[in-house]
$ cat final_1.tsv   # TSV, C-alpha atoms
chain	number	residue	atom	x	y	z
Q	1060	MET	CA	-0.92	28.83	7.26
Q	1061	SER	CA	-1.08	25.93	4.79
Q	1062	VAL	CA	-1.52	22.36	6.04
Q	1063	THR	CA	-0.10	19.39	4.14
Q	1064	VAL	CA	-2.66	16.69	3.42
Q	1065	LEU	CA	-2.59	13.24	1.85
Q	1066	VAL	CA	-5.81	11.68	0.51
Q	1067	ALA	CA	-5.74	7.90	-0.15
Q	1068	GLU	CA	-8.85	6.55	-1.87
Q	1069	ASP	CA	-9.09	3.86	-4.55
Q	1070	GLU	CA	-12.50	4.86	-5.97
Q	1071	PRO	CA	-11.90	7.62	-8.58
Q	1072	LEU	CA	-15.26	9.37	-8.14
Q	1073	MET	CA	-15.04	9.31	-4.36
Q	1074	ARG	CA	-11.46	10.56	-4.47
Q	1075	GLU	CA	-12.35	13.49	-6.74
Q	1076	ARG	CA	-15.38	14.30	-4.59
Q	1077	LEU	CA	-13.33	14.39	-1.40
Q	1078	LEU	CA	-10.59	16.49	-3.04
Q	1079	GLY	CA	-13.19	18.94	-4.31
Q	1080	MET	CA	-14.87	19.17	-0.92
Q	1081	LEU	CA	-11.53	19.79	0.80
Q	1082	ALA	CA	-10.66	22.55	-1.68
Q	1083	THR	CA	-13.92	24.30	-0.79
Q	1084	ALA	CA	-14.11	23.66	2.94
Q	1085	TRP	CA	-10.40	23.85	3.80
Q	1086	PRO	CA	-8.63	26.15	1.32
Q	1087	GLU	CA	-5.47	26.21	3.43
Q	1088	ALA	CA	-5.07	22.46	2.89
Q	1089	GLN	CA	-2.26	21.65	0.47
Q	1090	VAL	CA	-2.88	18.17	-0.96
Q	1091	VAL	CA	0.60	16.71	-1.54
Q	1092	ALA	CA	-0.57	13.33	-2.93
Q	1093	ALA	CA	-3.76	11.43	-3.78
Q	1094	PRO	CA	-2.70	7.76	-4.14
Q	1095	GLU	CA	-5.07	5.04	-5.30
Q	1096	ASN	CA	-3.83	2.11	-3.21
Q	1097	GLY	CA	-2.31	1.42	0.17
Q	1098	ILE	CA	1.23	0.75	-1.01
Q	1099	ASP	CA	1.40	4.04	-2.89
Q	1100	ALA	CA	-0.18	5.75	0.12
Q	1101	TRP	CA	2.64	4.57	2.39
Q	1102	ASP	CA	5.25	5.49	-0.22
Q	1103	ALA	CA	3.72	8.97	-0.57
Q	1104	TRP	CA	3.63	9.39	3.21
Q	1105	LEU	CA	7.35	8.58	3.42
Q	1106	GLU	CA	8.07	11.15	0.72
Q	1107	HIS	CA	5.94	14.01	2.08
Q	1108	GLU	CA	5.25	13.24	5.77
Q	1109	PRO	CA	1.98	15.21	5.65
Q	1110	GLN	CA	0.35	16.65	8.74
Q	1111	VAL	CA	-3.04	15.13	7.94
Q	1112	VAL	CA	-3.97	11.86	6.20
Q	1113	PHE	CA	-7.38	10.77	4.93
Q	1114	LEU	CA	-7.31	6.98	4.54
Q	1115	ASP	CA	-9.88	4.76	2.87
Q	1116	ILE	CA	-10.06	1.59	4.94
Q	1117	ARG	CA	-10.42	-0.81	2.00
Q	1118	MET	CA	-7.70	-0.33	-0.61
Q	1119	PRO	CA	-5.64	-2.64	-2.83
Q	1120	GLY	CA	-2.15	-3.60	-1.68
Q	1121	MET	CA	-2.46	-2.42	1.92
Q	1122	SER	CA	-5.57	-1.43	3.81
Q	1123	GLY	CA	-5.97	1.99	5.36
Q	1124	LEU	CA	-5.67	0.31	8.75
Q	1125	GLU	CA	-2.26	-1.09	7.86
Q	1126	VAL	CA	-1.05	2.26	6.55
Q	1127	ALA	CA	-2.29	3.97	9.72
Q	1128	GLU	CA	-0.39	1.51	11.90
Q	1129	ARG	CA	2.81	2.41	10.08
Q	1130	ILE	CA	2.16	6.13	10.41
Q	1131	GLY	CA	1.53	5.78	14.14
Q	1132	ARG	CA	1.47	9.16	15.86
Q	1133	ARG	CA	3.31	11.06	13.15
Q	1134	SER	CA	0.23	12.41	11.35
Q	1135	HIS	CA	-3.38	13.18	12.18
Q	1136	VAL	CA	-5.50	10.42	10.63
Q	1137	VAL	CA	-9.10	10.49	9.41
Q	1138	PHE	CA	-10.50	7.19	8.16
Q	1139	VAL	CA	-12.94	7.06	5.27
Q	1140	THR	CA	-15.25	4.04	5.15
Q	1141	ALA	CA	-18.45	2.66	3.73
Q	1142	TYR	CA	-21.04	1.93	6.40
Q	1143	ASP	CA	-19.55	-0.86	8.48
Q	1144	GLN	CA	-21.09	-0.93	11.93
Q	1145	TYR	CA	-18.07	-2.69	13.43
Q	1146	ALA	CA	-15.80	0.11	12.25
Q	1147	VAL	CA	-18.13	2.91	13.33
Q	1148	ASP	CA	-18.48	1.43	16.82
Q	1149	ALA	CA	-14.70	1.25	17.18
Q	1150	PHE	CA	-14.18	4.81	15.95
Q	1151	ASP	CA	-16.86	6.14	18.26
Q	1152	THR	CA	-14.93	4.80	21.26
Q	1153	GLY	CA	-11.66	6.49	20.29
Q	1154	ALA	CA	-10.20	9.87	19.47
Q	1155	VAL	CA	-9.59	9.09	15.79
Q	1156	ASP	CA	-12.12	10.64	13.43
Q	1157	TYR	CA	-13.86	8.99	10.50
Q	1158	LEU	CA	-16.06	9.86	7.51
Q	1159	LEU	CA	-18.81	7.64	6.14
Q	1160	LYS	CA	-19.31	7.25	2.41
Q	1161	PRO	CA	-20.91	9.05	0.69
Q	1162	ILE	CA	-19.28	11.93	2.53
Q	1163	GLN	CA	-21.67	14.69	3.56
Q	1164	PRO	CA	-20.41	18.32	3.67
Q	1165	GLY	CA	-21.71	18.86	7.20
Q	1166	ARG	CA	-19.90	15.77	8.54
Q	1167	LEU	CA	-16.69	16.83	6.78
Q	1168	ASP	CA	-16.95	20.29	8.35
Q	1169	LYS	CA	-17.12	18.69	11.81
Q	1170	ALA	CA	-14.05	16.53	11.08
Q	1171	LEU	CA	-12.13	19.56	9.81
Q	1172	ALA	CA	-13.07	21.57	12.89
Q	1173	ARG	CA	-11.63	18.82	15.09
Q	1174	LEU	CA	-8.48	18.68	12.96
Q	1175	ARG	CA	-7.92	22.42	13.22
Q	1176	GLU	CA	-8.06	22.16	17.01
Q	1177	LYS	CA	-5.56	19.30	17.04
Q	1178	LEU	CA	-2.96	20.53	14.56
Q	1179	ASP	CA	-0.71	22.08	17.19
Q	1180	ALA	CA	-0.89	18.98	19.39
Q	1181	ARG	CA	0.67	15.57	18.98
Q	1182	PRO	CA	-1.47	13.30	16.73
Q	1183	ASP	CA	-3.71	10.73	18.38
Q	1184	ASP	CA	-2.51	7.16	18.77
Q	1185	VAL	CA	-4.45	5.17	16.14
Q	1186	SER	CA	-3.15	1.77	17.23
Q	1187	GLU	CA	-5.90	1.09	19.80
Q	1188	VAL	CA	-8.70	1.94	17.36
Q	1189	VAL	CA	-7.09	-0.11	14.59
Q	1190	GLN	CA	-6.84	-3.14	16.87
Q	1191	GLN	CA	-10.49	-2.76	17.89
Q	1192	VAL	CA	-11.59	-2.67	14.26
Q	1193	LYS	CA	-9.48	-5.72	13.42
Q	1194	ALA	CA	-10.75	-7.65	16.43
Q	1195	ALA	CA	-14.38	-6.87	15.65
Q	1196	SER	CA	-14.33	-8.15	12.09
Q	1197	PRO	CA	-12.26	-10.32	9.74
Q	1198	PRO	CA	-9.75	-8.30	7.74
Q	1199	PRO	CA	-11.16	-6.98	4.44
Q	1200	LYS	CA	-10.36	-8.99	1.35
Q	1201	ARG	CA	-7.49	-7.38	-0.48
Q	1202	GLU	CA	-7.87	-6.46	-4.10
Q	1203	LYS	CA	-4.83	-7.37	-6.14
Q	1204	LEU	CA	-2.48	-4.67	-7.38
Q	1205	LYS	CA	-2.64	-3.89	-11.09
Q	1206	TRP	CA	-0.32	-0.89	-11.16
Q	1207	LEU	CA	2.65	0.16	-9.12
Q	1208	LYS	CA	4.42	3.52	-8.82
Q	1209	ALA	CA	8.19	3.17	-8.66
Q	1210	SER	CA	11.26	5.41	-8.79
Q	1211	VAL	CA	13.25	5.26	-12.01
Q	1212	GLY	CA	16.06	7.80	-11.83
Q	1213	LYS	CA	14.42	11.18	-11.27
Q	1214	GLN	CA	11.05	9.97	-12.53
Q	1215	ILE	CA	8.10	8.21	-10.93
Q	1216	ARG	CA	7.02	5.48	-13.33
Q	1217	LEU	CA	3.61	3.81	-13.47
Q	1218	ILE	CA	4.29	0.08	-13.93
Q	1219	ASP	CA	1.83	-2.56	-15.06
Q	1220	VAL	CA	2.37	-5.35	-12.51
Q	1221	GLU	CA	1.96	-8.03	-15.20
Q	1222	GLU	CA	5.03	-6.64	-17.01
Q	1223	VAL	CA	7.28	-7.23	-13.98
Q	1224	LEU	CA	9.68	-10.15	-14.45
Q	1225	PHE	CA	10.50	-10.44	-10.76
Q	1226	PHE	CA	10.55	-8.64	-7.43
Q	1227	GLN	CA	13.62	-8.90	-5.23
Q	1228	ALA	CA	14.22	-7.73	-1.66
Q	1229	ASP	CA	16.79	-4.94	-1.37
Q	1230	THR	CA	17.21	-3.88	2.30
Q	1231	LYS	CA	14.24	-1.58	3.05
Q	1232	TYR	CA	13.27	-1.41	-0.62
Q	1233	THR	CA	12.10	-3.87	-3.24
Q	1234	ARG	CA	13.79	-4.13	-6.61
Q	1235	VAL	CA	11.29	-4.27	-9.48
Q	1236	VAL	CA	12.78	-5.77	-12.64
Q	1237	LEU	CA	11.23	-5.50	-16.11
Q	1238	ALA	CA	12.54	-6.66	-19.47
Q	1239	ASP	CA	13.91	-3.22	-20.38
Q	1240	SER	CA	14.47	-1.51	-17.04
Q	1241	GLU	CA	14.30	-1.77	-13.29
Q	1242	ALA	CA	13.13	0.38	-10.40
Q	1243	LEU	CA	12.86	0.53	-6.64
Q	1244	VAL	CA	9.75	0.78	-4.48
Q	1245	ARG	CA	10.00	1.94	-0.90
Q	1246	ILE	CA	8.28	-1.01	0.69
Q	1247	PRO	CA	9.67	-4.35	1.93
Q	1248	LEU	CA	8.96	-7.41	-0.19
Q	1249	LYS	CA	7.09	-9.13	2.63
Q	1250	ASP	CA	4.56	-6.30	2.65
Q	1251	LEU	CA	4.19	-6.33	-1.13
Q	1252	VAL	CA	3.36	-10.04	-1.30
Q	1253	GLY	CA	-0.21	-9.68	-0.04
Q	1254	GLY	CA	-1.12	-7.26	-2.83
Q	1255	LEU	CA	0.06	-9.52	-5.65
Q	1256	ASP	CA	-1.75	-12.37	-7.41
Q	1257	ALA	CA	-0.26	-15.56	-5.95
Q	1258	GLY	CA	-1.19	-17.41	-9.14
Q	1259	LEU	CA	0.91	-15.01	-11.20
Q	1260	PHE	CA	3.85	-14.41	-8.88
Q	1261	TRP	CA	5.57	-17.38	-7.25
Q	1262	GLN	CA	7.83	-16.99	-4.28
Q	1263	ILE	CA	10.97	-18.99	-5.11
Q	1264	HIS	CA	13.21	-17.58	-2.41
Q	1265	ARG	CA	12.72	-15.65	0.83
Q	1266	GLY	CA	13.72	-12.53	-1.08
Q	1267	THR	CA	12.36	-13.22	-4.57
Q	1268	LEU	CA	8.98	-13.33	-6.32
Q	1269	VAL	CA	8.98	-14.28	-9.99
Q	1270	ASN	CA	6.33	-13.79	-12.67
Q	1271	VAL	CA	5.30	-17.29	-13.78
Q	1272	ASN	CA	4.91	-16.08	-17.37
Q	1273	ALA	CA	8.53	-14.89	-17.35
Q	1274	ILE	CA	9.99	-18.29	-16.42
Q	1275	ARG	CA	11.80	-19.87	-19.36
Q	1276	ALA	CA	13.06	-22.88	-17.46
Q	1277	ALA	CA	14.10	-24.19	-14.07
Q	1278	GLU	CA	17.34	-26.16	-13.92
Q	1279	ARG	CA	19.21	-28.08	-11.29
Q	1280	VAL	CA	22.52	-26.73	-10.06
Q	1281	ASP	CA	23.28	-29.81	-7.99
Q	1282	ALA	CA	21.38	-32.41	-5.97
Q	1283	GLU	CA	19.87	-29.81	-3.65
Q	1284	ARG	CA	19.84	-26.52	-5.55
Q	1285	MET	CA	17.85	-25.15	-8.47
Q	1286	GLN	CA	17.76	-21.89	-10.39
Q	1287	VAL	CA	15.29	-20.15	-12.68
Q	1288	LEU	CA	16.08	-18.85	-16.16
Q	1289	LEU	CA	13.97	-15.97	-17.46
Q	1290	ARG	CA	12.53	-14.75	-20.71
Q	1291	GLY	CA	13.66	-11.22	-21.43
Q	1292	SER	CA	16.49	-11.17	-18.91
Q	1293	ASP	CA	19.94	-12.72	-18.49
Q	1294	GLU	CA	19.59	-12.81	-14.72
Q	1295	VAL	CA	19.51	-16.21	-13.05
Q	1296	LEU	CA	17.42	-16.51	-9.90
Q	1297	PRO	CA	18.28	-19.06	-7.20
Q	1298	VAL	CA	15.48	-21.22	-5.85
Q	1299	SER	CA	15.45	-21.98	-2.13
Q	1300	ARG	CA	15.21	-25.66	-1.22
Q	1301	SER	CA	11.83	-25.03	0.44
Q	1302	PHE	CA	10.42	-23.83	-2.89
Q	1303	THR	CA	11.83	-26.47	-5.26
Q	1304	HIS	CA	8.53	-28.39	-5.04
Q	1305	LEU	CA	7.06	-25.76	-7.38
Q	1306	PHE	CA	9.09	-27.23	-10.24
Q	1307	ARG	CA	8.67	-30.93	-9.64
Q	1308	GLU	CA	6.99	-32.96	-12.37
$ encode --input "final_1.tsv" --output "structure tokens"
Amino acid sequence: MSVTVLVAEDEPLMRERLLGMLATAWPEAQVVAAPENGIDAWDAWLEHEPQVVFLDIRMPGMSGLEVAERIGRRSHVVFVTAYDQYAVDAFDTGAVDYLLKPIQPGRLDKALARLREKLDARPDDVSEVVQQVKAASPPPKREKLKWLKASVGKQIRLIDVEEVLFFQADTKYTRVVLADSEALVRIPLKDLVGGLDAGLFWQIHRGTLVNVNAIRAAERVDAERMQVLLRGSDEVLPVSRSFTHLFRE
């Protein structure tokens, strides 16, 4: 019986190595997605809800720990990490498995044997292990997102983040607006903020981040309100009073 698997790893060589090793050691594994950052990993999990997830701890956008917290007990999780003693100590005290980079075939075989035994049972609760890892060490520095996968009609489009005019909250989604099109990503704006370059994207409203290079002008509406005019778009973005200081001389 096939098993659905998601592999999230931002290093191309490591990702290809792990995929190749899985194809050899676990032929019944059906890899449904192999995202390169944490945000795409969560989006792919929502789309496929795989039985097993291999998560690199340090990824752009969202860490593997953050993705695991969202997954909870809905998938079996295996963390992939470079040698960090704090992480290894935490994993060794819990039920959640882990793989050290560079991954050795023998260690992968042991992890797969454990997974096969667990597949018919409810996945382990990763929350305790995640909290132990976080408590034992400062959170890893996030790399900034350069690309974003977003739904455009029936297509999944690869978007250069620097081409985005603005991001806007849209219930459980985030609206991504470019000069010639727009798309939706299945992640709240508040979770997207940490993966973006704060020097490039300014928050001008609780629900809006704007590309500084896309701002044509900021104008006053009245004594208390301002709005932003954009290059390449007719949309006008309101500025919250708490963010008007960004446009003071």
$ closest_atom_pairs --input "final_1.tsv" --of "range 1224-1246 of chain Q" --to "range 1253-1256 of chain Q" --cutoff "12 Å" --atoms "all atoms listed in the file" --output "CSV"
residue,atom,partner,partner_atom,distance
Q:Phe1225,CA,Q:Leu1255,CA,11.7
Q:Phe1226,CA,Q:Leu1255,CA,10.7
Q:Ile1246,CA,Q:Gly1254,CA,11.8
$ write_last_selection --input "final_1.tsv" --atoms "C-alpha atoms" --output "PDB file, in the frame of the given file"
ATOM      1  CA  PHE Q1225      10.500 -10.440 -10.760  1.00  0.00           C
ATOM      2  CA  PHE Q1226      10.550  -8.640  -7.430  1.00  0.00           C
ATOM      3  CA  ILE Q1246       8.280  -1.010   0.690  1.00  0.00           C
TER       4      ILE Q1246
END
$ atom_distance --input "final_1.tsv" --atom1 "CA of Ala1282 in chain Q" --atom2 "CA of Arg1265 in chain Q"
20.1 Å
$ closest_residue --input "final_1.tsv" --among "Q:Ala1180, Q:Pro1164, Q:Val1298, Q:Gln1110" --to "Ile1130 in chain Q" --atoms "all atoms listed in the file"
Q:Gln1110
$ atom_distance --input "final_1.tsv" --atom1 "CA of Trp1085 in chain Q" --atom2 "CA of Gly1165 in chain Q"
12.8 Å
$ closest_residue --input "final_1.tsv" --among "Q:His1135, Q:His1264, Q:His1304, Q:Arg1284" --to "Leu1174 in chain Q" --atoms "all atoms listed in the file"
Q:His1135
$ residues_near_point --input "final_1.tsv" --point "(4.3, -1.0, -5.0)" --cutoff "12 Å" --atoms "all atoms listed in the file" --output "PDB file with C-alpha atoms, keeping the file's coordinate frame"
ATOM      1  CA  PRO Q1094      -2.700   7.760  -4.140  1.00  0.00           C
ATOM      2  CA  GLU Q1095      -5.070   5.040  -5.300  1.00  0.00           C
ATOM      3  CA  ASN Q1096      -3.830   2.110  -3.210  1.00  0.00           C
ATOM      4  CA  GLY Q1097      -2.310   1.420   0.170  1.00  0.00           C
ATOM      5  CA  ILE Q1098       1.230   0.750  -1.010  1.00  0.00           C
ATOM      6  CA  ASP Q1099       1.400   4.040  -2.890  1.00  0.00           C
ATOM      7  CA  ALA Q1100      -0.180   5.750   0.120  1.00  0.00           C
ATOM      8  CA  TRP Q1101       2.640   4.570   2.390  1.00  0.00           C
ATOM      9  CA  ASP Q1102       5.250   5.490  -0.220  1.00  0.00           C
ATOM     10  CA  ALA Q1103       3.720   8.970  -0.570  1.00  0.00           C
ATOM     11  CA  PRO Q1119      -5.640  -2.640  -2.830  1.00  0.00           C
ATOM     12  CA  GLY Q1120      -2.150  -3.600  -1.680  1.00  0.00           C
ATOM     13  CA  MET Q1121      -2.460  -2.420   1.920  1.00  0.00           C
ATOM     14  CA  LYS Q1203      -4.830  -7.370  -6.140  1.00  0.00           C
ATOM     15  CA  LEU Q1204      -2.480  -4.670  -7.380  1.00  0.00           C
ATOM     16  CA  LYS Q1205      -2.640  -3.890 -11.090  1.00  0.00           C
ATOM     17  CA  TRP Q1206      -0.320  -0.890 -11.160  1.00  0.00           C
ATOM     18  CA  LEU Q1207       2.650   0.160  -9.120  1.00  0.00           C
ATOM     19  CA  LYS Q1208       4.420   3.520  -8.820  1.00  0.00           C
ATOM     20  CA  ALA Q1209       8.190   3.170  -8.660  1.00  0.00           C
ATOM     21  CA  SER Q1210      11.260   5.410  -8.790  1.00  0.00           C
ATOM     22  CA  ILE Q1215       8.100   8.210 -10.930  1.00  0.00           C
ATOM     23  CA  ARG Q1216       7.020   5.480 -13.330  1.00  0.00           C
ATOM     24  CA  LEU Q1217       3.610   3.810 -13.470  1.00  0.00           C
ATOM     25  CA  ILE Q1218       4.290   0.080 -13.930  1.00  0.00           C
ATOM     26  CA  ASP Q1219       1.830  -2.560 -15.060  1.00  0.00           C
ATOM     27  CA  VAL Q1220       2.370  -5.350 -12.510  1.00  0.00           C
ATOM     28  CA  VAL Q1223       7.280  -7.230 -13.980  1.00  0.00           C
ATOM     29  CA  PHE Q1226      10.550  -8.640  -7.430  1.00  0.00           C
ATOM     30  CA  TYR Q1232      13.270  -1.410  -0.620  1.00  0.00           C
ATOM     31  CA  THR Q1233      12.100  -3.870  -3.240  1.00  0.00           C
ATOM     32  CA  ARG Q1234      13.790  -4.130  -6.610  1.00  0.00           C
ATOM     33  CA  VAL Q1235      11.290  -4.270  -9.480  1.00  0.00           C
ATOM     34  CA  ALA Q1242      13.130   0.380 -10.400  1.00  0.00           C
ATOM     35  CA  LEU Q1243      12.860   0.530  -6.640  1.00  0.00           C
ATOM     36  CA  VAL Q1244       9.750   0.780  -4.480  1.00  0.00           C
ATOM     37  CA  ARG Q1245      10.000   1.940  -0.900  1.00  0.00           C
ATOM     38  CA  ILE Q1246       8.280  -1.010   0.690  1.00  0.00           C
ATOM     39  CA  PRO Q1247       9.670  -4.350   1.930  1.00  0.00           C
ATOM     40  CA  LEU Q1248       8.960  -7.410  -0.190  1.00  0.00           C
ATOM     41  CA  LYS Q1249       7.090  -9.130   2.630  1.00  0.00           C
ATOM     42  CA  ASP Q1250       4.560  -6.300   2.650  1.00  0.00           C
ATOM     43  CA  LEU Q1251       4.190  -6.330  -1.130  1.00  0.00           C
ATOM     44  CA  VAL Q1252       3.360 -10.040  -1.300  1.00  0.00           C
ATOM     45  CA  GLY Q1253      -0.210  -9.680  -0.040  1.00  0.00           C
ATOM     46  CA  GLY Q1254      -1.120  -7.260  -2.830  1.00  0.00           C
ATOM     47  CA  LEU Q1255       0.060  -9.520  -5.650  1.00  0.00           C
TER      48      LEU Q1255
END
$ residues_around --input "final_1.tsv" --residues "Gln1089 in chain Q" --least-positions-apart "6" --cutoff "9 Å" --atoms "all atoms listed in the file" --output "PyMOL selection string"
chain Q and resi 1061-1065+1082
$ atom_distance --input "final_1.tsv" --atom1 "CA of Gly1123 in chain Q" --atom2 "CA of Ala1257 in chain Q"
21.6 Å
$ closest_residue --input "final_1.tsv" --among "Q:Met1285, Q:Ile1162, Q:Leu1259, Q:Val1185" --to "Glu1221 in chain Q" --atoms "all atoms listed in the file"
Q:Leu1259
$ decode --input "final_1.tsv" --residues "range 1255-1264 of chain Q" --atoms "all heavy atoms" --output "PDB file, in the first residue's frame"
ATOM      1  N   LEU Q1255       9.565  37.971   5.179  1.00  0.00           N
ATOM      2  CA  LEU Q1255       9.810  39.048   4.221  1.00  0.00           C
ATOM      3  C   LEU Q1255      10.847  40.032   4.745  1.00  0.00           C
ATOM      4  O   LEU Q1255      11.013  40.199   5.949  1.00  0.00           O
ATOM      5  CB  LEU Q1255       8.504  39.791   3.921  1.00  0.00           C
ATOM      6  CG  LEU Q1255       7.399  38.958   3.261  1.00  0.00           C
ATOM      7  CD1 LEU Q1255       6.089  39.751   3.226  1.00  0.00           C
ATOM      8  CD2 LEU Q1255       7.796  38.529   1.853  1.00  0.00           C
ATOM      9  N   ASP Q1256      11.530  40.696   3.833  1.00  0.00           N
ATOM     10  CA  ASP Q1256      12.534  41.700   4.171  1.00  0.00           C
ATOM     11  C   ASP Q1256      11.817  42.956   4.660  1.00  0.00           C
ATOM     12  O   ASP Q1256      11.116  43.626   3.884  1.00  0.00           O
ATOM     13  CB  ASP Q1256      13.382  41.997   2.934  1.00  0.00           C
ATOM     14  CG  ASP Q1256      14.514  42.973   3.219  1.00  0.00           C
ATOM     15  OD1 ASP Q1256      14.515  43.603   4.290  1.00  0.00           O
ATOM     16  OD2 ASP Q1256      15.396  43.107   2.350  1.00  0.00           O
ATOM     17  N   ALA Q1257      11.993  43.284   5.933  1.00  0.00           N
ATOM     18  CA  ALA Q1257      11.307  44.439   6.518  1.00  0.00           C
ATOM     19  C   ALA Q1257      11.766  45.743   5.883  1.00  0.00           C
ATOM     20  O   ALA Q1257      11.054  46.753   5.940  1.00  0.00           O
ATOM     21  CB  ALA Q1257      11.534  44.477   8.029  1.00  0.00           C
ATOM     22  N   GLY Q1258      12.954  45.769   5.296  1.00  0.00           N
ATOM     23  CA  GLY Q1258      13.421  46.968   4.613  1.00  0.00           C
ATOM     24  C   GLY Q1258      12.778  47.165   3.265  1.00  0.00           C
ATOM     25  O   GLY Q1258      12.755  48.276   2.732  1.00  0.00           O
ATOM     26  N   LEU Q1259      12.236  46.089   2.700  1.00  0.00           N
ATOM     27  CA  LEU Q1259      11.583  46.158   1.392  1.00  0.00           C
ATOM     28  C   LEU Q1259      10.072  46.283   1.518  1.00  0.00           C
ATOM     29  O   LEU Q1259       9.432  46.986   0.727  1.00  0.00           O
ATOM     30  CB  LEU Q1259      11.938  44.918   0.570  1.00  0.00           C
ATOM     31  CG  LEU Q1259      11.337  44.819  -0.833  1.00  0.00           C
ATOM     32  CD1 LEU Q1259      11.810  45.972  -1.716  1.00  0.00           C
ATOM     33  CD2 LEU Q1259      11.688  43.479  -1.469  1.00  0.00           C
ATOM     34  N   PHE Q1260       9.504  45.591   2.500  1.00  0.00           N
ATOM     35  CA  PHE Q1260       8.048  45.621   2.677  1.00  0.00           C
ATOM     36  C   PHE Q1260       7.684  46.308   3.990  1.00  0.00           C
ATOM     37  O   PHE Q1260       8.068  45.843   5.068  1.00  0.00           O
ATOM     38  CB  PHE Q1260       7.476  44.202   2.651  1.00  0.00           C
ATOM     39  CG  PHE Q1260       7.466  43.588   1.282  1.00  0.00           C
ATOM     40  CD1 PHE Q1260       8.515  42.783   0.876  1.00  0.00           C
ATOM     41  CD2 PHE Q1260       6.439  43.841   0.394  1.00  0.00           C
ATOM     42  CE1 PHE Q1260       8.531  42.232  -0.391  1.00  0.00           C
ATOM     43  CE2 PHE Q1260       6.442  43.300  -0.873  1.00  0.00           C
ATOM     44  CZ  PHE Q1260       7.499  42.488  -1.275  1.00  0.00           C
ATOM     45  N   TRP Q1261       6.972  47.418   3.872  1.00  0.00           N
ATOM     46  CA  TRP Q1261       6.527  48.168   5.038  1.00  0.00           C
ATOM     47  C   TRP Q1261       5.099  47.780   5.389  1.00  0.00           C
ATOM     48  O   TRP Q1261       4.246  47.655   4.503  1.00  0.00           O
ATOM     49  CB  TRP Q1261       6.550  49.670   4.748  1.00  0.00           C
ATOM     50  CG  TRP Q1261       7.917  50.270   4.698  1.00  0.00           C
ATOM     51  CD1 TRP Q1261       9.110  49.632   4.865  1.00  0.00           C
ATOM     52  CD2 TRP Q1261       8.223  51.645   4.457  1.00  0.00           C
ATOM     53  NE1 TRP Q1261      10.141  50.514   4.749  1.00  0.00           N
ATOM     54  CE2 TRP Q1261       9.633  51.763   4.497  1.00  0.00           C
ATOM     55  CE3 TRP Q1261       7.460  52.789   4.212  1.00  0.00           C
ATOM     56  CZ2 TRP Q1261      10.273  52.978   4.290  1.00  0.00           C
ATOM     57  CZ3 TRP Q1261       8.093  53.996   4.014  1.00  0.00           C
ATOM     58  CH2 TRP Q1261       9.492  54.091   4.055  1.00  0.00           C
ATOM     59  N   GLN Q1262       4.851  47.612   6.667  1.00  0.00           N
ATOM     60  CA  GLN Q1262       3.484  47.403   7.111  1.00  0.00           C
ATOM     61  C   GLN Q1262       2.849  48.772   7.311  1.00  0.00           C
ATOM     62  O   GLN Q1262       3.304  49.567   8.126  1.00  0.00           O
ATOM     63  CB  GLN Q1262       3.441  46.599   8.410  1.00  0.00           C
ATOM     64  CG  GLN Q1262       2.019  46.276   8.847  1.00  0.00           C
ATOM     65  CD  GLN Q1262       1.954  45.075   9.770  1.00  0.00           C
ATOM     66  OE1 GLN Q1262       2.964  44.659  10.330  1.00  0.00           O
ATOM     67  NE2 GLN Q1262       0.767  44.508   9.928  1.00  0.00           N
ATOM     68  N   ILE Q1263       1.803  49.061   6.546  1.00  0.00           N
ATOM     69  CA  ILE Q1263       1.138  50.359   6.616  1.00  0.00           C
ATOM     70  C   ILE Q1263      -0.260  50.255   7.216  1.00  0.00           C
ATOM     71  O   ILE Q1263      -0.937  51.264   7.408  1.00  0.00           O
ATOM     72  CB  ILE Q1263       1.062  51.029   5.231  1.00  0.00           C
ATOM     73  CG1 ILE Q1263       0.272  50.156   4.254  1.00  0.00           C
ATOM     74  CG2 ILE Q1263       2.465  51.325   4.702  1.00  0.00           C
ATOM     75  CD1 ILE Q1263      -0.051  50.840   2.935  1.00  0.00           C
ATOM     76  N   HIS Q1264      -0.671  49.028   7.486  1.00  0.00           N
ATOM     77  CA  HIS Q1264      -1.992  48.769   8.031  1.00  0.00           C
ATOM     78  C   HIS Q1264      -1.920  47.376   8.650  1.00  0.00           C
ATOM     79  O   HIS Q1264      -1.055  46.576   8.281  1.00  0.00           O
ATOM     80  CB  HIS Q1264      -3.039  48.806   6.911  1.00  0.00           C
ATOM     81  CG  HIS Q1264      -4.462  48.741   7.373  1.00  0.00           C
ATOM     82  ND1 HIS Q1264      -5.078  47.550   7.678  1.00  0.00           N
ATOM     83  CD2 HIS Q1264      -5.382  49.714   7.570  1.00  0.00           C
ATOM     84  CE1 HIS Q1264      -6.325  47.798   8.053  1.00  0.00           C
ATOM     85  NE2 HIS Q1264      -6.538  49.091   8.012  1.00  0.00           N
TER      86      HIS Q1264
END
